[in-house]
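Everything below concerns the one structure shown next.
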Amino acid sequence: DGLTISSGKTLTLAGDLTVDGAVTYSDGTAKINLNGYKLTVNGDVTGSGLIQINSSSDLTLVGTTAQFSFDGTDINHLSSNAAITLDENLTIHGDLSLEANLNIGSYDLTLEGAISGDGSLVGTSSSDLVVSGSGAFGVVNILGELSAFTVNRSGETITLGFCADPLEVSSLSLTNGILELGSPTLGTYNTLRVTGTYSRTNGTFQDDEGFSNLEFINTTTGSLYFSGFPPLLNGLTLNTTGTFTIATQMTISETNVYKGTLTNSEEVTFGGMLNGDGTNAATITLNADATVTGSFTLAANSIFTVGANTLTLDGPITFDAASDFNADHTSNLVVNGDLYDGINPVELPALDQLKNLTLGNTLGIKLYSYLDV
């Protein structure tokens with residue numbers, strides 16, 4: 001029922017092989033060469049030997065122990081009920097089925113087929129994950145963190161399942177495809193935190209139910225495109241020296257710009273907005289209309305520019321005296337909200353001009369200078 005490979009020996013398959021029992025290696029020099037065929041092991045794999053693979057090889061591990069190393073960097077299909085730890089780069093050209101962890105370590109894992117199972121990919125600050133290829137992908141669980149995460153599967157959705165909270169990625173590349181931040185089916189809602197570089201070619205984010213979050217920390221400039229019907233996002237946080245542009249008409253429940261610049265090229269509805277942390281320079285510049293349905297807060301050292309657009313404020317409003325609120329003869333301002341205290345009128349910063357001013361709140365506004373409307 002079992003199979004034992006002696007020290008220094010290699011078993012080369014001449015066809016598909018099923019081992020009903022365990023595979024035991026005498027030591028790390030023992031090897032099984034799959035030779036482009038399929039090996040199924042219904043028991044454990046012990047002894048820390050080698051499994052030689054190529055792009056035509058299939059490996060199925062039914063047992064709960066997998067003590068071996070891959071000899072080769074390509075495999076067709078991989079299915080495992082046991083935890084696997086990579087000790088070199090690996091490309092899986094076909095499907096990956098996991099019921100335990102696959103530890104990436106300081107290597108590159110490339111997935112070109114579909115993924116399934118309740119297992120997880122486990123990354124470190126040195127791990128790179130690439131999703132490429134074609135066809136439906138599935139739901140991927142990612143624990144730990146990633147050095148680089150590349151999404152490059154045109155027309156398909158890569159869905160994040162049960163992930164680290166937050167899932168930190170040093171470098172994120174959205175080349176092609178949709179990165180779904182959570183799984184409505186599983187009820188998973190994640191926070192993806194990008195701590196280094198961000199780049200995009202044609203890829204988009206998606207947050208089907210509007211419960212997931214995006215955070216950009218010390219990251220580069222980029223454009224944010226979203227898919228969905230309608231496009232939604234629970235939270236967007238910027239704490240960066242870069243400039244980010246929301247390039248999709250959408251709704252964001254909570255937006256916090258602690259540092260850096262946020263712009264929009266399409267109309268956006270913000271549930272709540274905080275611009276600035278009171279210390280760092282934080283800027284929001286409208287390049288399209290925006291509505292804030294929740295609280296609108298400008299902290300000290302923050303700058304908000306309306307431009308030739310319409311800003312609608314429906315919720316509580318707070319302007320710090322050390323903030324800058326810029327508008328001119330092309331700007332439209334609609335004030336439907338009051339102060340948090342519900343007693344005093346909204347104190348608008350010093351404004352010289354507005355194209356239109358519409359008041360729909362209860363307590364009105366208080367001006368400190370001449371306003372030309």
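If you're wondering about the labels, chains in the structure tokens are A, B, ... by order shown, residues count from 1 in each chain, ligands from 1 in order shown.
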
Review point. What's the 6 Å shell around range 100-112 of chain A, counting only C-alpha atoms, without same-chain residues fewer than 4 positions away, as a list in words?
Key: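 Counting only C-alpha atoms, the residues come to Asn81, Ala82, Ala83, Ile84, Thr85, Leu86, Glu88, Asn89, Leu90, Thr91, Ile92, His93, Gly119, Ser120, Leu121, Val122, Gly123, Thr124, Ser126, Ser127, Asp128, Leu129, Val130, Val131, Ser132 and Gly133 of chain A.
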
Let me see the file: selected residues, C-alpha atoms, as a CSV table (one decimal), in the first residue's frame.
```csv
chain,number,residue,atom,x,y,z
A,81,ASN,CA,-5.1,18.5,2.1
A,82,ALA,CA,-1.8,19.0,3.8
A,83,ALA,CA,0.2,22.2,4.4
A,84,ILE,CA,2.9,22.9,1.8
A,85,THR,CA,5.9,25.3,2.2
A,86,LEU,CA,7.6,26.6,-0.9
A,88,GLU,CA,11.6,28.0,-4.6
A,89,ASN,CA,9.3,29.9,-7.0
A,90,LEU,CA,6.3,28.0,-8.3
A,91,THR,CA,3.9,28.5,-11.2
A,92,ILE,CA,0.7,26.6,-11.2
A,93,HIS,CA,-0.5,26.5,-14.8
A,119,GLY,CA,-7.1,26.5,2.6
A,120,SER,CA,-5.1,29.7,2.6
A,121,LEU,CA,-2.1,31.2,0.9
A,122,VAL,CA,0.2,32.5,3.6
A,123,GLY,CA,2.6,35.3,2.7
A,124,THR,CA,5.4,37.3,4.3
A,126,SER,CA,9.0,38.8,1.0
A,127,SER,CA,6.2,37.0,-0.8
A,128,ASP,CA,5.1,37.8,-4.3
A,129,LEU,CA,1.7,36.6,-5.7
A,130,VAL,CA,0.7,36.8,-9.3
A,131,VAL,CA,-2.7,35.9,-10.7
A,132,SER,CA,-2.5,35.7,-14.5
A,133,GLY,CA,-3.8,33.3,-17.1
```

Point to revise | Selection near range 4-7 of chain A, 6 Å with only C-alpha atoms, sequence-local residues under 6 positions removed, as a list in words | key: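 In the requested format, the answer is Val23, Thr24, Tyr25, Ser26, Asp27, Thr29 and Ala30 of chain A.
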
Practice item. With a distance cut-off of 8 Å and only C-alpha atoms, select the neighbouring residues of Ser170 in chain A, excluding the residue or stretch itself and same-chain residues fewer than 3 positions from it, and output the selection as JSON, numbers by chain. Key: {"A": [125, 146, 147, 148, 194, 195, 196, 197]}

If you keep N, CA and C atoms, can you produce a file of those selected residues as a compact mmCIF listing (two decimals), in the first residue's frame?
```
# COMPACT_ATOMS: atom_id res chain seq x y z
N SER A 125 6.54 39.39 4.23
CA SER A 125 6.94 40.65 3.61
C SER A 125 7.83 40.43 2.39
N LEU A 146 1.92 40.46 1.88
CA LEU A 146 2.56 40.21 0.60
C LEU A 146 3.52 41.35 0.27
N SER A 147 4.62 40.99 -0.35
CA SER A 147 5.51 42.02 -0.87
C SER A 147 4.92 42.63 -2.13
N ALA A 148 4.45 41.76 -3.04
CA ALA A 148 3.86 42.24 -4.29
C ALA A 148 2.66 41.38 -4.64
N VAL A 194 -2.29 49.17 1.04
CA VAL A 194 -1.14 49.23 0.15
C VAL A 194 -0.12 50.17 0.77
N THR A 195 1.06 49.62 1.10
CA THR A 195 2.04 50.40 1.86
C THR A 195 3.22 50.87 1.02
N GLY A 196 3.23 50.52 -0.26
CA GLY A 196 4.34 50.93 -1.13
C GLY A 196 3.83 51.52 -2.42
N THR A 197 4.05 50.83 -3.53
CA THR A 197 3.68 51.35 -4.84
C THR A 197 2.35 50.78 -5.31
```

Please tabulate, as CSV, the residues of range 257-310 of chain A that come within 12 Å of range 349-362 of chain A, each with its closest pair of atoms and the distance in Å to one decimal, counting only C-alpha atoms and ordering rows by chain, then residue number upward.
```
residue,atom,partner,partner_atom,distance
A:Leu298,CA,A:Pro349,CA,10.6
A:Ile303,CA,A:Pro349,CA,11.5
A:Phe304,CA,A:Pro349,CA,11.0
A:Thr305,CA,A:Leu351,CA,11.6
A:Val306,CA,A:Leu354,CA,9.9
A:Gly307,CA,A:Leu354,CA,9.9
A:Ala308,CA,A:Lys355,CA,8.8
A:Asn309,CA,A:Lys355,CA,9.7
A:Thr310,CA,A:Asn356,CA,8.8
```
